[in-house]
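J.: To be precise about what I am sending: the file is called target-v9.csv and holds CSV, C-alpha atoms.
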chain,number,residue,atom,x,y,z
A,203,MET,CA,-147.7,28.5,-48.0
A,204,PHE,CA,-148.7,31.7,-46.1
A,205,ASN,CA,-152.0,33.0,-47.5
A,206,VAL,CA,-153.8,36.1,-46.2
A,207,VAL,CA,-157.3,37.4,-46.7
A,208,VAL,CA,-158.0,41.1,-46.5
A,209,ILE,CA,-161.6,42.1,-45.8
A,210,ILE,CA,-162.8,45.7,-46.0
A,211,PRO,CA,-166.5,45.8,-46.6
A,212,THR,CA,-167.8,48.2,-49.1
A,213,GLY,CA,-170.2,51.1,-48.6
A,214,LEU,CA,-169.4,51.5,-44.9
A,215,GLY,CA,-167.1,54.5,-44.9
A,216,ALA,CA,-163.9,52.8,-43.9
A,217,PRO,CA,-161.1,55.4,-43.8
A,218,ILE,CA,-158.8,52.9,-45.6
A,219,GLY,CA,-160.5,51.0,-48.4
A,220,GLY,CA,-163.8,52.9,-48.3
A,221,PHE,CA,-162.9,55.2,-51.2
A,222,ALA,CA,-161.3,54.6,-54.6
A,223,GLY,CA,-158.9,51.7,-54.2
A,224,ASP,CA,-157.2,53.5,-51.4
A,225,ALA,CA,-156.3,50.2,-49.6
A,226,LEU,CA,-154.0,49.3,-52.4
A,227,PRO,CA,-150.9,50.4,-50.4
A,228,THR,CA,-152.0,48.1,-47.6
A,229,VAL,CA,-152.5,45.1,-50.0
A,230,ARG,CA,-149.2,45.8,-51.7
A,231,ALA,CA,-147.4,45.6,-48.4
A,232,ILE,CA,-149.1,42.4,-47.3
A,233,ALA,CA,-148.5,40.9,-50.7
A,234,ALA,CA,-144.7,41.3,-50.1
A,235,ILE,CA,-144.9,38.8,-47.3
A,236,ALA,CA,-147.7,36.5,-48.4
A,237,ASP,CA,-147.8,33.7,-51.0
A,238,TRP,CA,-151.4,34.7,-51.9
A,239,VAL,CA,-153.5,37.7,-50.9
A,240,VAL,CA,-157.2,37.2,-51.3
A,241,THR,CA,-159.3,40.4,-51.3
A,242,HIS,CA,-162.4,41.8,-53.0
A,243,PRO,CA,-162.5,44.3,-55.8
A,244,ASN,CA,-163.5,47.5,-53.9
A,245,VAL,CA,-160.3,47.2,-51.8
A,246,VAL,CA,-158.0,47.6,-54.9
A,247,ASN,CA,-160.2,49.2,-57.6
A,248,GLY,CA,-159.0,52.7,-58.3
A,249,ALA,CA,-161.0,53.6,-61.4
A,250,SER,CA,-158.2,54.5,-63.9
A,251,LEU,CA,-155.5,53.6,-61.4
A,252,TYR,CA,-154.6,50.0,-60.6
A,253,TYR,CA,-151.5,48.1,-59.4
A,254,PRO,CA,-151.5,44.5,-60.7
A,255,LEU,CA,-150.0,42.1,-58.2
A,256,PRO,CA,-149.0,38.6,-59.4
A,257,ASN,CA,-150.0,37.0,-56.1
A,258,LEU,CA,-153.4,38.8,-55.7
A,259,LEU,CA,-156.6,36.8,-55.9
A,260,TYR,CA,-159.2,39.3,-56.9
A,261,THR,CA,-162.4,37.8,-55.5
A,262,GLU,CA,-165.9,39.2,-55.6
A,263,GLY,CA,-167.7,39.3,-52.2
A,264,TYR,CA,-170.2,36.6,-52.7
A,265,THR,CA,-167.5,34.3,-54.0
A,266,LEU,CA,-165.3,35.2,-51.0
A,267,ASN,CA,-168.2,34.2,-48.7
A,268,GLN,CA,-168.7,30.9,-50.5
A,269,PHE,CA,-165.0,30.2,-50.4
A,270,ALA,CA,-164.8,30.9,-46.7
A,271,GLN,CA,-167.6,28.5,-46.0
A,272,GLY,CA,-166.0,25.7,-47.9
A,273,ARG,CA,-168.5,25.6,-50.7
A,274,TRP,CA,-166.2,26.9,-53.4
A,275,GLY,CA,-162.5,26.8,-54.1
A,276,LEU,CA,-160.3,29.3,-55.9
A,277,ARG,CA,-158.1,28.3,-58.8
A,278,PRO,CA,-155.2,30.7,-59.7
A,279,VAL,CA,-154.8,31.4,-63.4
A,280,LEU,CA,-152.3,33.1,-65.7
A,281,SER,CA,-155.1,35.0,-67.5
A,282,ASN,CA,-158.8,35.0,-68.2
A,283,VAL,CA,-161.0,35.6,-71.2
A,284,ILE,CA,-163.2,38.6,-70.3
A,285,GLY,CA,-166.7,39.4,-71.6
A,286,VAL,CA,-168.2,42.8,-71.0
A,287,VAL,CA,-171.9,43.5,-70.4
A,288,PHE,CA,-173.2,47.0,-71.0
A,289,ASP,CA,-176.4,48.4,-69.7
A,290,ARG,CA,-178.9,49.5,-72.3
A,291,GLY,CA,-179.5,52.6,-70.3
A,292,ILE,CA,-176.0,54.0,-71.0
A,293,GLU,CA,-176.2,57.0,-73.4
A,294,PRO,CA,-174.4,56.6,-76.8
A,295,GLU,CA,-171.5,59.0,-76.0
A,296,LEU,CA,-170.9,57.4,-72.6
A,297,LEU,CA,-171.1,53.9,-74.1
A,298,LEU,CA,-168.5,54.9,-76.6
A,299,ARG,CA,-166.2,56.0,-73.8
A,300,HIS,CA,-166.5,52.6,-72.2
A,301,GLN,CA,-166.1,50.7,-75.5
A,302,GLN,CA,-162.8,52.7,-76.0
A,303,VAL,CA,-161.6,51.3,-72.7
A,304,VAL,CA,-162.2,47.8,-73.9
A,305,MET,CA,-160.3,48.6,-77.2
A,306,ALA,CA,-157.4,50.2,-75.2
A,307,ALA,CA,-157.2,47.2,-72.8
A,308,ARG,CA,-156.9,44.9,-75.8
A,309,ALA,CA,-154.2,47.0,-77.6
A,310,THR,CA,-152.3,48.5,-74.7
A,311,LEU,CA,-152.6,45.9,-72.0
A,312,GLY,CA,-152.9,42.8,-74.1
A,313,LEU,CA,-156.0,41.6,-72.4
A,314,THR,CA,-158.3,39.0,-74.1
A,315,ILE,CA,-161.8,40.5,-74.4
A,316,PRO,CA,-163.4,38.8,-77.4
A,317,HIS,CA,-166.9,40.1,-77.1
A,318,THR,CA,-169.2,42.7,-75.5
A,319,ILE,CA,-172.9,42.8,-75.3
A,320,VAL,CA,-175.7,45.3,-74.4
A,321,THR,CA,-178.7,44.3,-72.3
A,322,ASP,CA,-182.0,44.2,-74.0
A,323,ARG,CA,-183.5,46.6,-71.5
A,324,PRO,CA,-182.1,49.4,-69.2
A,325,LEU,CA,-181.1,47.8,-65.9
A,326,GLU,CA,-182.7,50.5,-63.8
A,327,VAL,CA,-180.2,50.8,-60.9
A,328,GLU,CA,-181.4,52.6,-57.8
A,329,LEU,CA,-179.2,53.8,-54.9
A,330,LYS,CA,-180.3,53.5,-51.3
A,331,GLN,CA,-179.0,54.4,-47.9
A,332,GLY,CA,-180.0,52.5,-44.7
A,333,GLY,CA,-180.7,53.9,-41.3
A,334,SER,CA,-177.2,52.9,-40.2
A,335,GLY,CA,-175.7,55.1,-43.0
A,336,ALA,CA,-174.6,52.0,-45.0
A,337,THR,CA,-175.4,52.2,-48.8
A,338,TRP,CA,-177.2,49.6,-50.8
A,339,GLY,CA,-179.1,49.5,-54.0
A,340,THR,CA,-181.5,47.6,-56.3
A,341,ILE,CA,-181.5,46.6,-59.9
A,342,GLY,CA,-184.9,46.8,-61.6
A,343,GLN,CA,-184.2,44.4,-64.4
A,344,PRO,CA,-182.0,41.5,-63.0
A,345,GLY,CA,-183.4,39.1,-65.6
A,346,SER,CA,-182.1,41.3,-68.4
A,347,LEU,CA,-178.6,41.3,-66.9
A,348,LEU,CA,-178.6,37.5,-66.5
A,349,GLU,CA,-180.0,37.0,-70.0
A,350,ALA,CA,-177.2,39.2,-71.4
A,351,CYS,CA,-174.5,37.2,-69.5
A,352,ALA,CA,-176.0,33.9,-70.7
A,353,LYS,CA,-176.1,35.2,-74.3
A,354,LEU,CA,-172.5,36.5,-74.0
A,355,ARG,CA,-171.4,33.0,-73.1
A,356,GLU,CA,-173.3,31.4,-75.9
A,357,ILE,CA,-171.7,33.8,-78.4
A,358,ALA,CA,-168.2,33.5,-76.9
A,359,PRO,CA,-168.1,30.3,-74.9
A,360,GLN,CA,-164.4,30.9,-74.0
A,361,VAL,CA,-165.4,33.8,-71.8
A,362,ASN,CA,-164.7,32.8,-68.2
A,363,ALA,CA,-164.9,36.3,-66.4
A,364,ILE,CA,-167.6,38.9,-66.8
A,365,ALA,CA,-167.3,42.7,-66.3
A,366,VAL,CA,-170.6,44.6,-66.0
A,367,VAL,CA,-171.1,48.3,-66.7
A,368,ALA,CA,-174.4,49.6,-65.5
A,369,ARG,CA,-175.8,53.1,-65.8
A,370,PHE,CA,-175.9,54.6,-62.3
A,371,PRO,CA,-178.0,57.6,-61.4
A,372,ASP,CA,-176.3,61.0,-61.6
A,373,ASP,CA,-176.7,63.2,-58.5
A,374,PRO,CA,-173.8,65.7,-58.5
A,375,ASP,CA,-175.4,67.9,-55.9
A,376,SER,CA,-176.1,65.2,-53.3
A,377,GLU,CA,-174.8,65.8,-49.8
A,378,LEU,CA,-173.7,62.2,-49.7
A,379,LEU,CA,-171.5,62.6,-52.8
A,380,HIS,CA,-170.1,65.9,-51.5
A,381,LYS,CA,-169.1,64.2,-48.2
A,382,TYR,CA,-167.6,61.3,-50.0
A,383,ARG,CA,-165.5,63.5,-52.3
A,384,SER,CA,-164.3,65.5,-49.3
A,385,GLY,CA,-163.3,62.3,-47.5
A,386,ALA,CA,-166.0,62.3,-44.8
A,387,GLY,CA,-168.7,60.1,-46.2
A,388,VAL,CA,-169.6,56.6,-47.5
A,389,ASP,CA,-169.5,55.5,-51.1
A,390,ALA,CA,-173.0,55.9,-52.4
A,391,LEU,CA,-172.4,53.5,-55.3
A,392,ALA,CA,-170.8,50.6,-53.4
A,393,GLY,CA,-173.9,48.8,-52.1
A,394,ALA,CA,-175.6,48.6,-55.5
A,395,GLU,CA,-172.3,47.5,-57.2
A,396,ALA,CA,-172.1,44.6,-54.8
A,397,VAL,CA,-175.7,43.5,-55.6
A,398,ILE,CA,-174.8,43.3,-59.3
A,399,SER,CA,-171.6,41.3,-59.0
A,400,HIS,CA,-173.1,39.0,-56.4
A,401,LEU,CA,-176.0,38.2,-58.7
A,402,VAL,CA,-173.8,37.3,-61.7
A,403,SER,CA,-171.2,35.3,-59.6
A,404,ARG,CA,-174.0,33.3,-57.9
A,405,GLU,CA,-175.7,32.5,-61.1
A,406,PHE,CA,-172.7,31.6,-63.3
A,407,ALA,CA,-170.0,30.7,-60.8
A,408,LEU,CA,-167.6,33.0,-62.7
A,409,PRO,CA,-165.4,35.9,-61.6
A,410,CYS,CA,-167.4,39.1,-61.9
A,411,ALA,CA,-166.8,42.8,-61.1
A,412,HIS,CA,-168.7,45.9,-61.8
A,413,ALA,CA,-167.9,49.4,-63.0
A,414,PRO,CA,-170.6,52.1,-62.8
A,415,ALA,CA,-171.3,54.4,-65.8
A,416,LEU,CA,-171.7,58.0,-64.7
A,417,SER,CA,-171.5,61.4,-66.3
A,418,PRO,CA,-168.2,63.1,-65.5
A,419,LEU,CA,-168.3,65.2,-62.3
A,420,PRO,CA,-167.6,68.9,-62.4
A,421,LEU,CA,-163.9,69.8,-61.8
A,422,THR,CA,-163.6,70.6,-58.1
A,423,GLU,CA,-160.8,71.7,-55.9
A,424,GLY,CA,-160.4,70.1,-52.5
A,425,VAL,CA,-161.3,66.5,-53.4
A,426,ASP,CA,-159.9,64.1,-50.9
A,427,PRO,CA,-156.8,62.3,-52.2
A,428,ARG,CA,-158.5,58.9,-51.5
A,429,ALA,CA,-161.3,59.8,-53.9
A,430,CYS,CA,-159.2,61.4,-56.6
A,431,ALA,CA,-158.7,58.3,-58.6
A,432,GLU,CA,-162.4,58.6,-59.6
A,433,GLU,CA,-161.9,62.1,-60.9
A,434,LEU,CA,-159.3,61.3,-63.5
A,435,GLY,CA,-161.3,60.0,-66.5
A,436,TYR,CA,-164.7,59.1,-68.0
A,437,THR,CA,-164.9,55.6,-66.7
A,438,PHE,CA,-164.1,53.3,-63.8
A,439,LEU,CA,-163.7,50.3,-66.1
A,440,PRO,CA,-159.9,50.0,-66.5
A,441,CYS,CA,-159.2,48.7,-63.0
A,442,VAL,CA,-162.0,46.2,-63.3
A,443,LEU,CA,-160.7,44.7,-66.5
A,444,VAL,CA,-157.2,44.4,-65.1
A,445,GLY,CA,-158.5,42.8,-61.9
A,446,LEU,CA,-160.6,40.3,-63.8
A,447,SER,CA,-157.8,39.4,-66.2
A,448,ARG,CA,-156.2,37.3,-63.4
A,449,ALA,CA,-159.0,36.8,-61.0
A,450,PRO,CA,-159.1,33.2,-59.7
A,451,GLN,CA,-161.5,30.8,-61.4
A,452,ILE,CA,-164.2,29.3,-59.2
A,453,VAL,CA,-164.3,25.6,-58.4
A,454,SER,CA,-167.9,25.2,-57.5
A,455,ASN,CA,-167.6,21.6,-56.5
A,456,PRO,CA,-164.8,21.0,-53.9
A,457,ARG,CA,-164.4,17.4,-55.2
A,458,TYR,CA,-162.7,18.8,-58.3
A,459,LEU,CA,-160.1,20.8,-56.4
A,460,LEU,CA,-156.6,20.4,-57.9
A,461,PRO,CA,-153.4,20.5,-55.8
A,462,GLN,CA,-152.7,24.1,-56.8
A,463,ASP,CA,-156.2,25.3,-55.9
A,464,LEU,CA,-156.9,27.2,-52.7
A,465,CYS,CA,-159.4,26.1,-50.1
A,466,PRO,CA,-160.4,28.0,-46.9
A,467,GLU,CA,-158.3,25.7,-44.7
A,468,GLN,CA,-155.2,27.1,-46.4
A,469,ILE,CA,-155.8,30.6,-45.2
A,470,SER,CA,-153.1,31.5,-42.7
A,471,ALA,CA,-154.7,34.8,-41.4
A,472,VAL,CA,-157.6,37.2,-42.0
A,473,VAL,CA,-157.3,41.0,-41.6
A,474,ALA,CA,-160.5,43.0,-41.1
A,475,PRO,CA,-161.7,46.3,-39.5
A,476,TYR,CA,-162.3,46.0,-35.8
A,477,ASN,CA,-165.9,47.2,-35.7
A,478,CYS,CA,-167.3,45.4,-38.7
A,479,CYS,CA,-167.2,41.7,-37.8
A,480,GLY,CA,-170.5,40.4,-39.1
A,481,SER,CA,-169.5,39.2,-42.6
A,482,PRO,CA,-170.2,35.5,-43.4
A,483,ALA,CA,-166.6,35.1,-44.5
A,484,LEU,CA,-165.2,36.3,-41.2
A,485,LEU,CA,-167.6,34.2,-39.2
A,486,ALA,CA,-166.6,31.2,-41.1
A,487,TRP,CA,-162.9,31.7,-40.6
A,488,CYS,CA,-163.6,32.3,-36.9
A,489,GLN,CA,-165.2,28.9,-36.7
A,490,ARG,CA,-162.1,27.4,-38.4
A,491,GLN,CA,-159.9,29.0,-35.7
A,492,THR,CA,-158.0,30.9,-38.4
A,493,PRO,CA,-155.9,33.7,-36.8
A,494,LEU,CA,-157.9,36.9,-37.0
A,495,ILE,CA,-156.4,40.4,-36.9
A,496,PHE,CA,-158.8,43.3,-36.2
A,497,VAL,CA,-157.7,46.8,-37.1
A,498,ARG,CA,-159.0,49.3,-34.7
A,499,GLY,CA,-157.7,52.3,-36.8
A,500,ASN,CA,-160.0,51.5,-39.7
A,501,PRO,CA,-163.4,52.0,-38.3
A,502,THR,CA,-166.7,51.7,-40.3
A,503,ILE,CA,-170.1,53.2,-39.6
A,504,LEU,CA,-171.1,49.8,-38.1
A,505,GLN,CA,-170.5,48.7,-34.5
A,506,VAL,CA,-170.3,45.0,-34.7
A,507,LEU,CA,-167.3,44.2,-32.5
A,508,PRO,CA,-165.5,40.8,-32.3
A,509,GLN,CA,-166.3,40.3,-28.7
A,510,ASP,CA,-170.0,40.7,-29.5
A,511,LEU,CA,-169.8,37.6,-31.7
A,512,GLY,CA,-167.5,35.6,-29.5
A,513,MET,CA,-164.5,36.1,-31.9
A,514,LYS,CA,-161.0,36.0,-30.6
A,515,GLY,CA,-158.1,37.5,-32.4
A,516,THR,CA,-155.3,40.1,-32.3
A,517,ILE,CA,-156.4,43.7,-32.0
A,518,VAL,CA,-154.1,46.2,-33.6
A,519,ASP,CA,-154.2,50.0,-34.0
A,520,ASN,CA,-153.3,50.2,-37.7
A,521,TYR,CA,-152.3,48.2,-40.8
A,522,LEU,CA,-148.6,48.8,-40.2
A,523,GLU,CA,-149.0,46.9,-36.9
A,524,ALA,CA,-151.2,44.2,-38.6
A,525,ILE,CA,-148.3,43.6,-41.0
A,526,GLY,CA,-146.0,43.1,-38.1
A,527,VAL,CA,-148.4,40.5,-36.7
A,528,LEU,CA,-148.5,38.7,-40.1
A,529,VAL,CA,-144.7,38.6,-40.2
A,530,ALA,CA,-144.6,37.1,-36.8
A,531,LEU,CA,-147.2,34.4,-37.8
A,532,LYS,CA,-145.3,33.6,-40.9
A,533,ALA,CA,-142.1,33.2,-38.8
A,534,GLY,CA,-143.9,30.9,-36.3
A,535,VAL,CA,-143.4,33.5,-33.6
A,536,ALA,CA,-146.3,34.2,-31.1
A,537,PRO,CA,-147.1,37.9,-31.7
A,538,GLN,CA,-147.7,38.4,-27.9
A,539,SER,CA,-144.1,37.4,-27.3
A,540,LEU,CA,-142.9,40.6,-29.1
A,541,VAL,CA,-144.7,42.9,-26.7
A,542,ARG,CA,-143.5,43.7,-23.1
Could you quickly redo this structure as structure tokens?

T.:
Amino acid sequence: MFNVVVIIPTGLGAPIGGFAGDALPTVRAIAAIADWVVTHPNVVNGASLYYPLPNLLYTEGYTLNQFAQGRWGLRPVLSNVIGVVFDRGIEPELLLRHQQVVMAARATLGLTIPHTIVTDRPLEVELKQGGSGATWGTIGQPGSLLEACAKLREIAPQVNAIAVVARFPDDPDSELLHKYRSGAGVDALAGAEAVISHLVSREFALPCAHAPALSPLPLTEGVDPRACAEELGYTFLPCVLVGLSRAPQIVSNPRYLLPQDLCPEQISAVVAPYNCCGSPALLAWCQRQTPLIFVRGNPTILQVLPQDLGMKGTIVDNYLEAIGVLVALKAGVAPQSLVR
């Protein structure tokens, strides 16, 4: 088996993967040569656009870290039963738009979504930006979110994947949003989204992904193509439901791993941006001496270089070259032997 992990951290302005599912072409190409591709939702979530891949393991970031560190395993599935949690802070009309996505996913895509629930209180999401330029966020009522997830599972115990839709603040005139839409900034929503999915996955050991609820943005010319997927409709929920429909189940106790399950030792290579090497997952695979491929042509706003952390790997200029290295590894050919 040849299994590849693709890491592109969210909210850090990566030119590829830092927008609306714009790393999907990269993942599609890697999926053509890999048995399994493990990546996190922001890499492939394109709002109303998605591209389901049968060998993609759609794995939330906290889960990916736990997997890399050997605490959790991943169990591929044919399908999941999805429950949806809506934020009490979503206005009635906007809530109806999202409920229609659920109904459409059942009728048009054949997804199993037996129940939805609304939190007892508004979740009070706030967006932040650190001094480095990275975005993050807070949720004012985490207990309300966890209570809703627990109640959802009581009502529909067959649910084994959870989509969360939280009301995010509207700020259509913000400079950060303008830069993002023009292709020159970071995703203001990404950090807060990660907080929500991490919280649910950590508490319930279930696949989770988040879609922000926002008022539609005014129609604007000149939006960067990488951000255009988020301009197409009223909701970002479709890609989340499709991703969760086949997201791997979490094996929280490695003693219960089955032969078809994936453990971190079975990862053949990890591909990540060159200057963003501080993630727990990447550090764990470095310690396991898994081949690492660093893409110099996908810089983030961070400056955490592999040599700063004692990491050794293959440095490439772009993902096209990274795929060449993966092909060589799969063939058992030393990549350096292909360069004179």

J.: Do you know which residues are at most 10 Å from Phe269 in chain A counting only C-alpha atoms, after dropping those on the same chain fewer than 3 positions away, and could you put them as number ranges by chain?

T.: A: 261, 263-266, 272-276, 452-454, 456, 464-467, 483, 486

J.: Between CA of Ala307 in chain A and CA of Ala249 in chain A, measure the distance and give it in Å to one decimal.

T.: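 We find that CA of Ala307 in chain A and CA of Ala249 in chain A lie 13.6 Å from each other.
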
J.: Which one of A:Gln271, A:Thr228, A:Thr212, A:Thr314 sits closest to Cys488 in chain A if you count only C-alpha atoms?

T.: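 Using only C-alpha atoms, the shortest distance to Cys488 in chain A belongs to A:Gln271.
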
J.: Please compute the CA of Asp322 in chain A-CA of Ser403 in chain A distance, one decimal, in Å.

T.: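 Atom-to-atom, CA of Asp322 in chain A and CA of Ser403 in chain A are spaced 20.1 Å apart.
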
J.: Between CA of Glu377 in chain A and CA of Gly223 in chain A, measure the distance and give it in Å to one decimal.

T.: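 Computing it gives 21.7 Å between the two atoms.
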
J.: For Pro409 in chain A, list every protein, DNA or RNA residue within 9 Å, evaluated using only C-alpha atoms, and leave out those in the same chain fewer than 4 positions away; present the list as a ChimeraX atom specification.

T.: /A:260-262,265,362-365,399,402-403,446,449-452

J.: I need the chosen residues saved as an mmCIF file, in the frame of the given file, with C-alpha atoms.

T.:
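Done, and the output landed in part-v1.cif:
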data_model
loop_
_atom_site.group_PDB
_atom_site.id
_atom_site.type_symbol
_atom_site.label_atom_id
_atom_site.label_comp_id
_atom_site.auth_asym_id
_atom_site.auth_seq_id
_atom_site.Cartn_x
_atom_site.Cartn_y
_atom_site.Cartn_z
ATOM 1 C CA TYR A 260 -159.200 39.300 -56.900
ATOM 2 C CA THR A 261 -162.400 37.800 -55.500
ATOM 3 C CA GLU A 262 -165.900 39.200 -55.600
ATOM 4 C CA THR A 265 -167.500 34.300 -54.000
ATOM 5 C CA ASN A 362 -164.700 32.800 -68.200
ATOM 6 C CA ALA A 363 -164.900 36.300 -66.400
ATOM 7 C CA ILE A 364 -167.600 38.900 -66.800
ATOM 8 C CA ALA A 365 -167.300 42.700 -66.300
ATOM 9 C CA SER A 399 -171.600 41.300 -59.000
ATOM 10 C CA VAL A 402 -173.800 37.300 -61.700
ATOM 11 C CA SER A 403 -171.200 35.300 -59.600
ATOM 12 C CA LEU A 446 -160.600 40.300 -63.800
ATOM 13 C CA ALA A 449 -159.000 36.800 -61.000
ATOM 14 C CA PRO A 450 -159.100 33.200 -59.700
ATOM 15 C CA GLN A 451 -161.500 30.800 -61.400
ATOM 16 C CA ILE A 452 -164.200 29.300 -59.200
#

J.: From the list A:His317, A:Leu408, A:Lys353, A:Val425, which residue is nearest Leu379 in chain A when using all atoms listed in the file?

T.: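 Closest to Leu379 in chain A of all the choices is A:Val425.
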
J.: Looking at A:Gly534, A:Gly285, A:Pro243, A:Pro475, which one is nearest to Ala350 in chain A, with distances taken over only C-alpha atoms?

T.: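 Closest candidate: A:Gly285.
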
J.: Give me the residues within 12 Å of Phe496 in chain A as a VMD selection string, counting only C-alpha atoms and dropping any in the same chain fewer than 5 places off.

T.: chain A and resid 208 to 210 471 to 479 484 501 506 to 509 513 to 521 523 to 525 527 to 528

J.: Give me, as a list of chain:residue names, all polymer residues having an atom no more than 10 Å from Gly393 in chain A, counting all atoms listed in the file and skipping those fewer than 3 positions away in the same chain.

T.: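 That gives A:Pro211, A:Thr212, A:Gly213, A:Leu214, A:Leu329, A:Lys330, A:Gln331, A:Ala336, A:Thr337, A:Trp338, A:Gly339, A:Thr340, A:Asp389, A:Ala390, A:Ala396, A:Val397, A:Ile398.
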
J.: Using all atoms listed in the file, which of A:Gly445, A:Pro294, A:Gly387, A:Gly332 sits nearest Asp426 in chain A?

T.: A:Gly387

J.: Report as a PyMOL selection string all protein, DNA and RNA residues lying within 9 Å of Leu313 in chain A, evaluated on only C-alpha atoms, omitting residues in the same chain fewer than 3 positions from it.

T.: chain A and resi 281-284+304+307-310+443-444+447

J.: Give the padded box for range 472-486 of chain A as AutoDock Vina command-line options: axis-aligned, covering all atoms listed in the file, 5 Å on each side, centre and edge lengths in Å to one decimal.

T.:
--center_x -163.9 --center_y 39.2 --center_z -40.1 --size_x 23.2 --size_y 26.0 --size_z 18.8

J.: Could you check the closest approach to Asp224 in chain A for each of A:Arg498, A:Arg428, A:Lys532, A:Arg490 and tell me which residue wins, using all atoms listed in the file?

T.: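 Ranked by minimum distance to Asp224 in chain A, first place goes to A:Arg428.
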
J.: For Arg230 in chain A, which residue out of A:Leu522, A:Ile341, A:Leu511, A:Leu378 is the nearest one, using all atoms listed in the file?

T.: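 Of the candidates, the smallest distance to Arg230 in chain A is held by A:Leu522.
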
J.: Select range 327-355 of chain A in the preceding structure and write C-alpha atoms to a file as a short mmCIF file (atom, residue, chain, number, x, y, z; two decimals), in the first residue's frame.

T.:
data_model
loop_
_atom_site.label_atom_id
_atom_site.label_comp_id
_atom_site.auth_asym_id
_atom_site.auth_seq_id
_atom_site.Cartn_x
_atom_site.Cartn_y
_atom_site.Cartn_z
CA VAL A 327 -18.24 32.84 17.58
CA GLU A 328 -15.62 35.58 17.50
CA LEU A 329 -12.87 35.95 14.89
CA LYS A 330 -9.32 36.95 15.81
CA GLN A 331 -6.02 37.59 14.04
CA GLY A 332 -2.66 37.11 15.71
CA GLY A 333 0.43 39.25 15.39
CA SER A 334 1.85 36.84 12.82
CA GLY A 335 -1.19 37.41 10.61
CA ALA A 336 -2.62 33.94 11.30
CA THR A 337 -6.34 33.83 12.01
CA TRP A 338 -7.95 32.15 14.98
CA GLY A 339 -11.16 32.45 16.91
CA THR A 340 -13.19 31.65 19.98
CA ILE A 341 -16.57 30.12 20.71
CA GLY A 342 -18.40 31.75 23.60
CA GLN A 343 -20.67 28.81 24.39
CA PRO A 344 -18.70 25.59 23.87
CA GLY A 345 -20.86 23.77 26.41
CA SER A 346 -23.97 24.47 24.36
CA LEU A 347 -22.31 22.96 21.28
CA LEU A 348 -21.23 19.81 23.12
CA GLU A 349 -24.65 19.42 24.74
CA ALA A 350 -26.31 19.63 21.33
CA CYS A 351 -23.96 16.98 19.92
CA ALA A 352 -24.66 14.69 22.86
CA LYS A 353 -28.41 15.18 22.52
CA LEU A 354 -28.19 14.54 18.79
CA ARG A 355 -26.58 11.17 19.47
#
